[in-house]
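> Sending over a structure as structure tokens; questions will come in a sec.
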There are 2 protein chains.
Amino acid sequence: MALDDMIDEISVIRSIRERFKNKSKGISLGVGDDAAAVKVSPECLLLATTDSQVEGVHFTKGLISASDLGRRAVAVSVSDIGAMGGVPRFFLSSLGFSRQEDKGLLKGIMDGFERAEGEFKVALIGGNISASDRLFLDITVLGEVEPHIMVKRTGAKPGDIIYVTGTVGDSALGLRILEMGRRNEREDYLISRHVSPQPRLALGREIAQMRLPTSMIDISDGVILDLERITVENGLGADIYVEQIPLSSDYRARVSDFAQDPYDIALSGGEDYELLFTSPQENGEGIKEISMKLGVKITEIGRVTDEPIIRVLNSDGKEIEVKHRGFIHFSA
Amino acid sequence: MALDDMIDEISVIRSIRERFKNKSKGISLGVGDDAAAVKVSPECLLLATTDSQVEGVHFTKGLISASDLGRRAVAVSVSDIGAMGGVPRFFLSSLGFSRQEDKGLLKGIMDGFERAEGEFKVALIGGNISASDRLFLDITVLGEVEPHIMVKRTGAKPGDIIYVTGTVGDSALGLRILEMGRRNEREDYLISRHVSPQPRLALGREIAQMRLPTSMIDISDGVILDLERITVENGLGADIYVEQIPLSSDYRARVSDFAQDPYDIALSGGEDYELLFTSPQENGEGIKEISMKLGVKITEIGRVTDEPIIRVLNSDGKEIEVKHRGFIHFSA
């Protein structure tokens with residue numbers, strides 16, 4: 001469940017979840033995680049997740065091609081399935097489309113869907129096109145996972161290490177570069193991280209199969225906000241060691257033009273679709289092995305604490321203020 | 001797959017279907033029917049369908065309460081499951097919501113979801129809220145059906161009788177009354193048909209279990225347009241006997257204020273969510289029995305022909321012109 005910052009997400013979702021508690025048999029996991037899970041057989045849970053891309057909110061038309069837009073809308077929901085340790089299988093698309101719209105846009109979006117099919121091994125099975133003066137794409141992805149493998153947001157324990165895959169902040173920085181106007185090809189990596197995010201499907205699946213994470217989420221809205229979704233779920237908190245936040249070299253090279261503190265955008269910027277997960281210290285070796293095997297960096301960025309607050313610490317162990325904690329209205 | 005009239009739906013869906021043919025094993029039915037069907041076990045197909053309600057296109061805020069809007073958005077997709085002979089089980093909701101929006105609106109929509117849960121025996125399992133300057137609700141409903149019971153759009157044969165449940169045109173007339181301003185309680189039935197449509201779940205299930213229909217669809221966009229979706233699928237046509245189109249007494253009493261020809265709105269107006277199905281003549285008795293048992297009128301309105309065109313005939317057997325054939329760009 002992703003929510004924009006205009007409402008206090010946690011309280012809204014709490015109230016929705018309270019109202020729509022798992023009343024029906026067959027629901028393993030209802031409102032409030034990356035995806036819902038319902039039982040279809042003893043060995044298989046069906047995963048379902050939905051996410052929207054709205055013009056002017058999640059994308060600006062001139063800054064992303066229709067094909068990238070279509071692919072990206074699928075990638076975003078596929079990422080939620082990966083964050084459960086699952087395998088995406090099918091998707092449905094609901095498009096809102098203006099009467100004035102260029103027909104090439106629809107073709108471009110379908111091109112993107114076809115790329116998504118190939119890359120993520122999913123199949124478009126249905127959909128809907130509505131008139132709407134504002135372009136939107138709403139994608140529902142269905143996937144599957146074995147019940148004993150599924151990784152939820154709940155399950156983190158005090159003392160667990162917090163890990164992040166890949167690097168963070170690239171997508172947010174890429175977007176800012178796009179908005180300013182791309183100047184040269186050295187910016188292409190950051191831009192591609194924004195327009196063509198790569199959900200960590202294989203990695204999410206592998207660490208789930210090895211039963212390594214105690215909780216997991218994909219980073220759609222920023223490290224701190226998404227981590228908070230885990231800590232709040234578990235009534236816990238976290239210490240983040242800011243200098244351990246993994247930054248790409250392209251990010252490091254360009255960030256100073258956009259922010260004084262290099263970690264500012266990395267902590268608050270979303271849409272990296274990296275995985276953030278918690279795991280007991282003794283799993284460190286197993287995690288290292290998977291990181292080597294798949295060639296994906298996995299970095300320890302902090303620890304789960306039993307104090308229900310997220311603190312960001314510098315190398316001296318001093319708490320530092322993070323500028324864009326704007327999303328967070330939570331205090332236990 | 002429902003499409004507004006701004007694009008030639010049939011050609012769009014054809015091209016989309018052509019591109020996204022069932023490549024993946026496990027897909028029983030892909031793009032182009034009321035719902036998609038994927039195999040989850042030998043005895044069970046998972047049905048999935050998605051539909052949007054966009055402010056200013058599918059509804060006007062002042063004319064429908066938030067609770068009715070929420071319930072209606074679910075009802076519309078539930079109806080697609082019913083039109084396959086299936087049982088709805090779960091739904092996901094994607095909401096687009098302006099920052100300026102009254103918080104009561106969200107609560108009202110949730111009230112409507114709760115009503116839908118009770119009425120249609122479905123459970124909200126997940127969702128998403130996005131910022132959007134135009135309110136939209138996109139609902140994905142998941143359901144199930146036994147493979148041998150599922151009714152598709154394909155399967156109609158020349159000579160099959162065309163049946164419609166209940167009455168048609170009420171919702172379209174109700175909307176016009178709402179737009180003009182309700183004057184008295186004698187209009188409430190027509191208005192309720194618009195704001196609180198009743199998908200024919202029990203009936204759809206029962207006739208499918210009895211294996212009576214050769215093809216079926218729910219009437220979301222009008223008798224002729226939805227019938228055409230069936231005839232085109234089957235490379236066939238139909239004769240419609242206009243005076244057999246079932247009209248409610250409230251519709252008959254009020255229609256003259258809005259149209260010269262009483263059948264005009266009934267043929268072209270959508271959103272009744274009645275079922276339209278085809279069945280060989282010899283099934284007539286079985287259909288009558290179900291109609292009696294469930295207390296739902298089922299009316300014979302025409303016949304499937306092998307000439308790929310839909311003709312609307314008066315009681316003399318003469319073809320009459322239907323004013324609002326506006327949706328139809330098809331000619332074989």
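We name chains A, B, ... following the order of the structure tokens; residues begin at 1 in each chain, and ligands are numbered from 1 as shown.
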Which residues are close to Ile109 (chain B), i.e. within 7 Å by only C-alpha atoms, leaving aside same-chain residues fewer than 3 positions away? Reply as a list in words.

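In the requested form, the answer reads Ala66, Ser67, Leu69, Gly70, Leu105, Leu106, Gly112 and Phe113 of chain B.
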
> Fewer than 5 positions away in the same chain doesn't count, so skip those; otherwise give me all residues within 6 Å of region 150-166 of chain A, counting only C-alpha atoms, as a ChimeraX atom specification.

/A:84-85,214-216,230,233-234,274-280,297-306

> How would the residues just chosen look if you wrote them out with C-alpha atoms as a PDB file, in the first residue's frame?


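Result written to part_4.pdb:
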ATOM      1  CA  MET A  84       7.090 -10.712  -0.332  1.00  0.00           C
ATOM      2  CA  GLY A  85       9.532 -13.290  -1.707  1.00  0.00           C
ATOM      3  CA  THR A 214      12.470 -11.416   9.325  1.00  0.00           C
ATOM      4  CA  SER A 215      10.653  -8.605   7.474  1.00  0.00           C
ATOM      5  CA  MET A 216      10.977  -6.961   4.075  1.00  0.00           C
ATOM      6  CA  ILE A 230       8.253  -1.909   9.134  1.00  0.00           C
ATOM      7  CA  GLU A 233       4.117  -2.598  12.162  1.00  0.00           C
ATOM      8  CA  ASN A 234       6.291  -4.253  14.766  1.00  0.00           C
ATOM      9  CA  GLU A 274      15.523  -1.577  -3.853  1.00  0.00           C
ATOM     10  CA  LEU A 275      14.691  -3.975  -1.031  1.00  0.00           C
ATOM     11  CA  LEU A 276      14.981  -3.094   2.627  1.00  0.00           C
ATOM     12  CA  PHE A 277      14.928  -6.030   4.996  1.00  0.00           C
ATOM     13  CA  THR A 278      15.746  -7.035   8.537  1.00  0.00           C
ATOM     14  CA  SER A 279      17.639 -10.145   9.544  1.00  0.00           C
ATOM     15  CA  PRO A 280      19.254 -11.467  12.729  1.00  0.00           C
ATOM     16  CA  LYS A 297      25.408  -5.266  -3.272  1.00  0.00           C
ATOM     17  CA  ILE A 298      23.653  -5.709   0.071  1.00  0.00           C
ATOM     18  CA  THR A 299      24.581  -3.159   2.722  1.00  0.00           C
ATOM     19  CA  GLU A 300      24.033  -3.082   6.463  1.00  0.00           C
ATOM     20  CA  ILE A 301      22.579   0.346   7.254  1.00  0.00           C
ATOM     21  CA  GLY A 302      21.370   0.040  10.831  1.00  0.00           C
ATOM     22  CA  ARG A 303      19.709  -1.933  13.546  1.00  0.00           C
ATOM     23  CA  VAL A 304      16.210  -2.529  14.828  1.00  0.00           C
ATOM     24  CA  THR A 305      15.701  -1.134  18.335  1.00  0.00           C
ATOM     25  CA  ASP A 306      12.925  -1.535  20.855  1.00  0.00           C
TER      26      ASP A 306
END

> Check the smallest atom-to-atom distance from each of B:Ala202, B:Leu137, B:Val74, B:Ile64 to chain A using only C-alpha atoms, then report the winner.

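With only C-alpha atoms as the atom set, the closest residue is B:Leu137.
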
> Can you list, as JSON, numbers by chain, every residue of region 74-265 of chain A that DSSP puts in alpha helix (DSSP H)?

{"A": [74, 75, 76, 77, 78, 79, 80, 81, 82, 103, 104, 105, 106, 107, 108, 109, 110, 111, 112, 113, 114, 115, 116, 117, 118, 119, 120, 170, 171, 172, 173, 174, 175, 176, 177, 178, 179, 180, 188, 189, 190, 191, 192, 193, 194, 195, 201, 202, 203, 204, 205, 206, 207, 208, 209, 223, 224, 225, 226, 227, 228, 229, 230, 231, 232, 233, 234, 249, 250, 251, 252, 253, 254, 262, 263, 264, 265]}

> Pick from B:Lys61, B:Arg254, B:Lys107, B:Arg72: nearest to chain A, with only C-alpha atoms counted?

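Checking each candidate against chain A, we get B:Lys107 as the closest.
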
> Identify all residues of region 112-308 of chain B in strand (DSSP E) (DSSP on the backbone) and supply them as a PDB file with C-alpha atoms, in the first residue's frame.


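To be explicit, this is the file written out as result.pdb:
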ATOM      1  CA  ALA B 123     -13.503  -8.914   1.142  1.00  0.00           C
ATOM      2  CA  LEU B 124     -11.246  -5.905   0.647  1.00  0.00           C
ATOM      3  CA  ILE B 125      -7.720  -7.299   0.771  1.00  0.00           C
ATOM      4  CA  GLY B 126      -5.565  -4.422  -0.386  1.00  0.00           C
ATOM      5  CA  GLY B 127      -5.243  -1.168  -2.168  1.00  0.00           C
ATOM      6  CA  ASN B 128      -3.540   2.062  -2.751  1.00  0.00           C
ATOM      7  CA  ILE B 129      -4.266   5.780  -2.419  1.00  0.00           C
ATOM      8  CA  SER B 130      -2.666   8.261  -4.795  1.00  0.00           C
ATOM      9  CA  ALA B 131      -2.853  11.988  -5.124  1.00  0.00           C
ATOM     10  CA  PHE B 136     -11.015   8.041  -9.436  1.00  0.00           C
ATOM     11  CA  LEU B 137     -11.723   4.599  -8.040  1.00  0.00           C
ATOM     12  CA  ASP B 138     -10.221   1.596  -9.710  1.00  0.00           C
ATOM     13  CA  ILE B 139     -11.465  -1.718  -8.382  1.00  0.00           C
ATOM     14  CA  THR B 140     -10.022  -5.129  -9.148  1.00  0.00           C
ATOM     15  CA  VAL B 141     -12.229  -8.051  -8.157  1.00  0.00           C
ATOM     16  CA  LEU B 142     -10.927 -11.597  -7.840  1.00  0.00           C
ATOM     17  CA  GLY B 143     -13.329 -14.504  -7.972  1.00  0.00           C
ATOM     18  CA  GLU B 144     -13.489 -18.162  -8.784  1.00  0.00           C
ATOM     19  CA  VAL B 145     -15.352 -20.516 -11.060  1.00  0.00           C
ATOM     20  CA  ILE B 161     -32.239 -17.028 -28.335  1.00  0.00           C
ATOM     21  CA  ILE B 162     -30.983 -13.784 -26.802  1.00  0.00           C
ATOM     22  CA  TYR B 163     -32.196 -13.178 -23.252  1.00  0.00           C
ATOM     23  CA  VAL B 164     -31.999 -10.187 -20.935  1.00  0.00           C
ATOM     24  CA  THR B 165     -32.610 -10.256 -17.176  1.00  0.00           C
ATOM     25  CA  SER B 215     -22.383 -16.943 -24.059  1.00  0.00           C
ATOM     26  CA  MET B 216     -22.993 -14.194 -21.517  1.00  0.00           C
ATOM     27  CA  ILE B 217     -22.088 -10.578 -20.744  1.00  0.00           C
ATOM     28  CA  ASP B 218     -23.283  -7.956 -18.282  1.00  0.00           C
ATOM     29  CA  GLY B 237     -25.012 -11.046 -35.831  1.00  0.00           C
ATOM     30  CA  ALA B 238     -28.415 -10.662 -34.211  1.00  0.00           C
ATOM     31  CA  ASP B 239     -31.997  -9.625 -34.746  1.00  0.00           C
ATOM     32  CA  ILE B 240     -33.485  -7.681 -31.838  1.00  0.00           C
ATOM     33  CA  TYR B 241     -37.274  -7.406 -31.471  1.00  0.00           C
ATOM     34  CA  LEU B 275     -27.184 -10.004 -17.809  1.00  0.00           C
ATOM     35  CA  LEU B 276     -27.493 -10.594 -21.527  1.00  0.00           C
ATOM     36  CA  PHE B 277     -26.994 -14.187 -22.619  1.00  0.00           C
ATOM     37  CA  THR B 278     -27.601 -16.546 -25.501  1.00  0.00           C
ATOM     38  CA  SER B 279     -29.064 -20.016 -25.226  1.00  0.00           C
ATOM     39  CA  ILE B 298     -35.814 -13.144 -17.957  1.00  0.00           C
ATOM     40  CA  THR B 299     -37.000 -11.902 -21.345  1.00  0.00           C
ATOM     41  CA  GLU B 300     -36.360 -13.186 -24.851  1.00  0.00           C
ATOM     42  CA  ILE B 301     -35.345 -10.148 -26.913  1.00  0.00           C
ATOM     43  CA  GLY B 302     -34.018 -11.608 -30.134  1.00  0.00           C
ATOM     44  CA  ARG B 303     -32.048 -14.220 -31.955  1.00  0.00           C
ATOM     45  CA  VAL B 304     -28.483 -14.813 -33.018  1.00  0.00           C
ATOM     46  CA  THR B 305     -28.064 -14.778 -36.788  1.00  0.00           C
TER      47      THR B 305
END

> Check which residues of chain A sit at most 7 Å from chain B using only C-alpha atoms, and return one row each with the closest pair of atoms and their distance in Å to one decimal, ordered by chain and rising number, as CSV.


residue,atom,partner,partner_atom,distance
A:Met1,CA,B:Asn128,CA,4.9
A:Ala2,CA,B:Asn128,CA,5.6
A:Leu3,CA,B:Ile129,CA,5.1
A:Asp4,CA,B:Ser130,CA,5.7
A:Met6,CA,B:Arg99,CA,5.9
A:Phe20,CA,B:Leu124,CA,6.4
A:Ser24,CA,B:Ala123,CA,6.5
A:Gly30,CA,B:Ile125,CA,4.4
A:Val31,CA,B:Gly126,CA,4.3
A:Gly32,CA,B:Gly126,CA,6.8
A:Ala35,CA,B:Gly126,CA,7.0
A:Ala36,CA,B:Ile125,CA,5.8
A:Val40,CA,B:Val40,CA,6.8
A:Thr49,CA,B:Gly126,CA,6.8
A:Thr50,CA,B:Gly127,CA,5.9
A:Asp51,CA,B:Asn128,CA,5.9
A:Ser52,CA,B:Ser130,CA,6.8
A:Val54,CA,B:Ser132,CA,6.6
A:Val57,CA,B:Ala131,CA,6.6
A:Ser94,CA,B:Thr50,CA,6.7
A:Arg99,CA,B:Met6,CA,5.8
A:Ala123,CA,B:Ser24,CA,6.4
A:Leu124,CA,B:Phe20,CA,6.5
A:Ile125,CA,B:Gly30,CA,4.4
A:Gly126,CA,B:Val31,CA,4.3
A:Gly127,CA,B:Met1,CA,5.7
A:Asn128,CA,B:Met1,CA,4.9
A:Ile129,CA,B:Leu3,CA,5.1
A:Ser130,CA,B:Asp4,CA,5.6
A:Ala131,CA,B:Asp4,CA,6.1
A:Ser132,CA,B:Val54,CA,6.6

> Could you save those same residues with N, CA and C atoms as a CSV table (one decimal), in the first residue's frame?


chain,number,residue,atom,x,y,z
A,1,MET,N,0.8,-1.2,0.0
A,1,MET,CA,0.0,0.0,0.0
A,1,MET,C,0.9,1.2,0.0
A,2,ALA,N,0.9,2.0,-1.1
A,2,ALA,CA,1.7,3.2,-1.1
A,2,ALA,C,0.8,4.4,-1.0
A,3,LEU,N,1.1,5.4,-0.3
A,3,LEU,CA,0.3,6.5,-0.1
A,3,LEU,C,1.1,7.8,-0.3
A,4,ASP,N,0.6,8.8,-1.0
A,4,ASP,CA,1.3,10.0,-1.1
A,4,ASP,C,1.3,10.7,0.2
A,6,MET,N,0.1,13.4,1.3
A,6,MET,CA,-0.9,14.4,1.6
A,6,MET,C,-1.8,14.0,2.8
A,20,PHE,N,-11.5,-3.3,7.9
A,20,PHE,CA,-11.6,-4.4,6.9
A,20,PHE,C,-10.7,-5.6,7.4
A,24,SER,N,-12.9,-12.9,6.0
A,24,SER,CA,-13.2,-14.0,5.1
A,24,SER,C,-12.1,-15.1,5.3
A,30,GLY,N,-4.2,-9.4,4.7
A,30,GLY,CA,-5.1,-8.4,4.1
A,30,GLY,C,-4.4,-7.1,3.9
A,31,VAL,N,-5.2,-6.0,4.0
A,31,VAL,CA,-4.8,-4.6,3.8
A,31,VAL,C,-3.5,-4.3,4.6
A,32,GLY,N,-2.5,-3.7,4.1
A,32,GLY,CA,-1.4,-3.1,4.9
A,32,GLY,C,0.0,-3.6,4.6
A,35,ALA,N,1.7,-6.7,-0.5
A,35,ALA,CA,0.7,-7.3,-1.3
A,35,ALA,C,-0.2,-8.1,-0.4
A,36,ALA,N,-1.4,-8.4,-0.8
A,36,ALA,CA,-2.3,-9.2,-0.1
A,36,ALA,C,-2.0,-10.7,-0.4
A,40,VAL,N,-4.8,-20.3,-2.1
A,40,VAL,CA,-5.5,-21.0,-3.2
A,40,VAL,C,-5.3,-22.5,-3.2
A,49,THR,N,-1.5,-7.2,-5.6
A,49,THR,CA,-1.1,-5.8,-5.3
A,49,THR,C,-1.5,-4.8,-6.4
A,50,THR,N,-1.8,-3.6,-6.0
A,50,THR,CA,-2.2,-2.7,-7.0
A,50,THR,C,-1.5,-1.3,-6.7
A,51,ASP,N,-1.2,-0.6,-7.8
A,51,ASP,CA,-0.5,0.7,-7.7
A,51,ASP,C,-0.8,1.6,-8.9
A,52,SER,N,-0.9,2.8,-8.6
A,52,SER,CA,-1.3,3.8,-9.7
A,52,SER,C,-0.1,4.7,-10.0
A,54,VAL,N,-0.1,8.4,-11.7
A,54,VAL,CA,-0.9,9.5,-12.1
A,54,VAL,C,-0.1,10.6,-12.7
A,57,VAL,N,1.6,13.6,-10.9
A,57,VAL,CA,1.9,13.2,-9.5
A,57,VAL,C,3.1,12.3,-9.5
A,94,SER,N,-5.5,-0.9,-15.8
A,94,SER,CA,-6.6,0.1,-15.9
A,94,SER,C,-6.1,1.4,-16.3
A,99,ARG,N,-9.6,12.0,-24.2
A,99,ARG,CA,-10.1,11.9,-25.6
A,99,ARG,C,-9.2,12.6,-26.6
A,123,ALA,N,2.3,-11.9,-17.5
A,123,ALA,CA,1.4,-11.8,-18.7
A,123,ALA,C,0.3,-10.9,-18.4
A,124,LEU,N,0.0,-10.0,-19.3
A,124,LEU,CA,-1.2,-9.1,-19.3
A,124,LEU,C,-2.4,-10.0,-19.5
A,125,ILE,N,-3.3,-10.0,-18.6
A,125,ILE,CA,-4.5,-10.9,-18.8
A,125,ILE,C,-5.8,-10.1,-18.9
A,126,GLY,N,-5.8,-8.8,-18.6
A,126,GLY,CA,-7.0,-8.1,-18.7
A,126,GLY,C,-6.8,-6.6,-18.4
A,127,GLY,N,-7.9,-5.9,-18.6
A,127,GLY,CA,-7.8,-4.5,-18.3
A,127,GLY,C,-9.0,-3.7,-18.7
A,128,ASN,N,-8.8,-2.4,-18.8
A,128,ASN,CA,-9.9,-1.5,-18.9
A,128,ASN,C,-9.3,-0.2,-19.4
A,129,ILE,N,-10.1,0.5,-20.2
A,129,ILE,CA,-9.6,1.9,-20.6
A,129,ILE,C,-10.8,2.8,-20.4
A,130,SER,N,-10.6,3.9,-19.6
A,130,SER,CA,-11.6,4.8,-19.3
A,130,SER,C,-11.2,6.2,-19.9
A,131,ALA,N,-12.2,7.0,-20.1
A,131,ALA,CA,-11.9,8.4,-20.4
A,131,ALA,C,-11.5,9.1,-19.1
A,132,SER,N,-10.5,9.9,-19.2
A,132,SER,CA,-10.1,10.7,-18.0
A,132,SER,C,-9.2,11.9,-18.5

> Distance CA of Gly108 (chain B)-CA of Gly174 (chain B), one decimal place?

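These two atoms are separated by 21.8 Å.
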
> Name all residues at most 7 Å from Ser220 (chain A) (count only C-alpha atoms; drop same-chain ones fewer than 5 positions away) and give them as number ranges by chain.

A: 270-273

> Could you list, as a list in words, every residue within 8 Å of Leu294 (chain A), counting only C-alpha atoms and ignoring same-chain residues fewer than 3 positions away?

Leu203, Ile290 and Ser291 of chain A

> May I have the selected residues written with C-alpha atoms, as a short mmCIF file (atom, residue, chain, number, x, y, z; two decimals), in the first residue's frame?


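What landed in selection_35.cif:
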data_model
loop_
_atom_site.label_atom_id
_atom_site.label_comp_id
_atom_site.auth_asym_id
_atom_site.auth_seq_id
_atom_site.Cartn_x
_atom_site.Cartn_y
_atom_site.Cartn_z
CA LEU A 203 17.18 -11.39 -4.96
CA ILE A 290 23.57 -14.41 -1.89
CA SER A 291 24.96 -10.96 -2.57
#

> What gap, in Å, lies between CA of Arg193 (chain A) and CA of Phe120 (chain A)?

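These two atoms are separated by 16.6 Å.
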
> Work out how far apart CA of Ser248 (chain B) and CA of Ala208 (chain B) are and give it in Å to one decimal.

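Value for the CA of Ser248 (chain B)-CA of Ala208 (chain B) distance: 25.6 Å.
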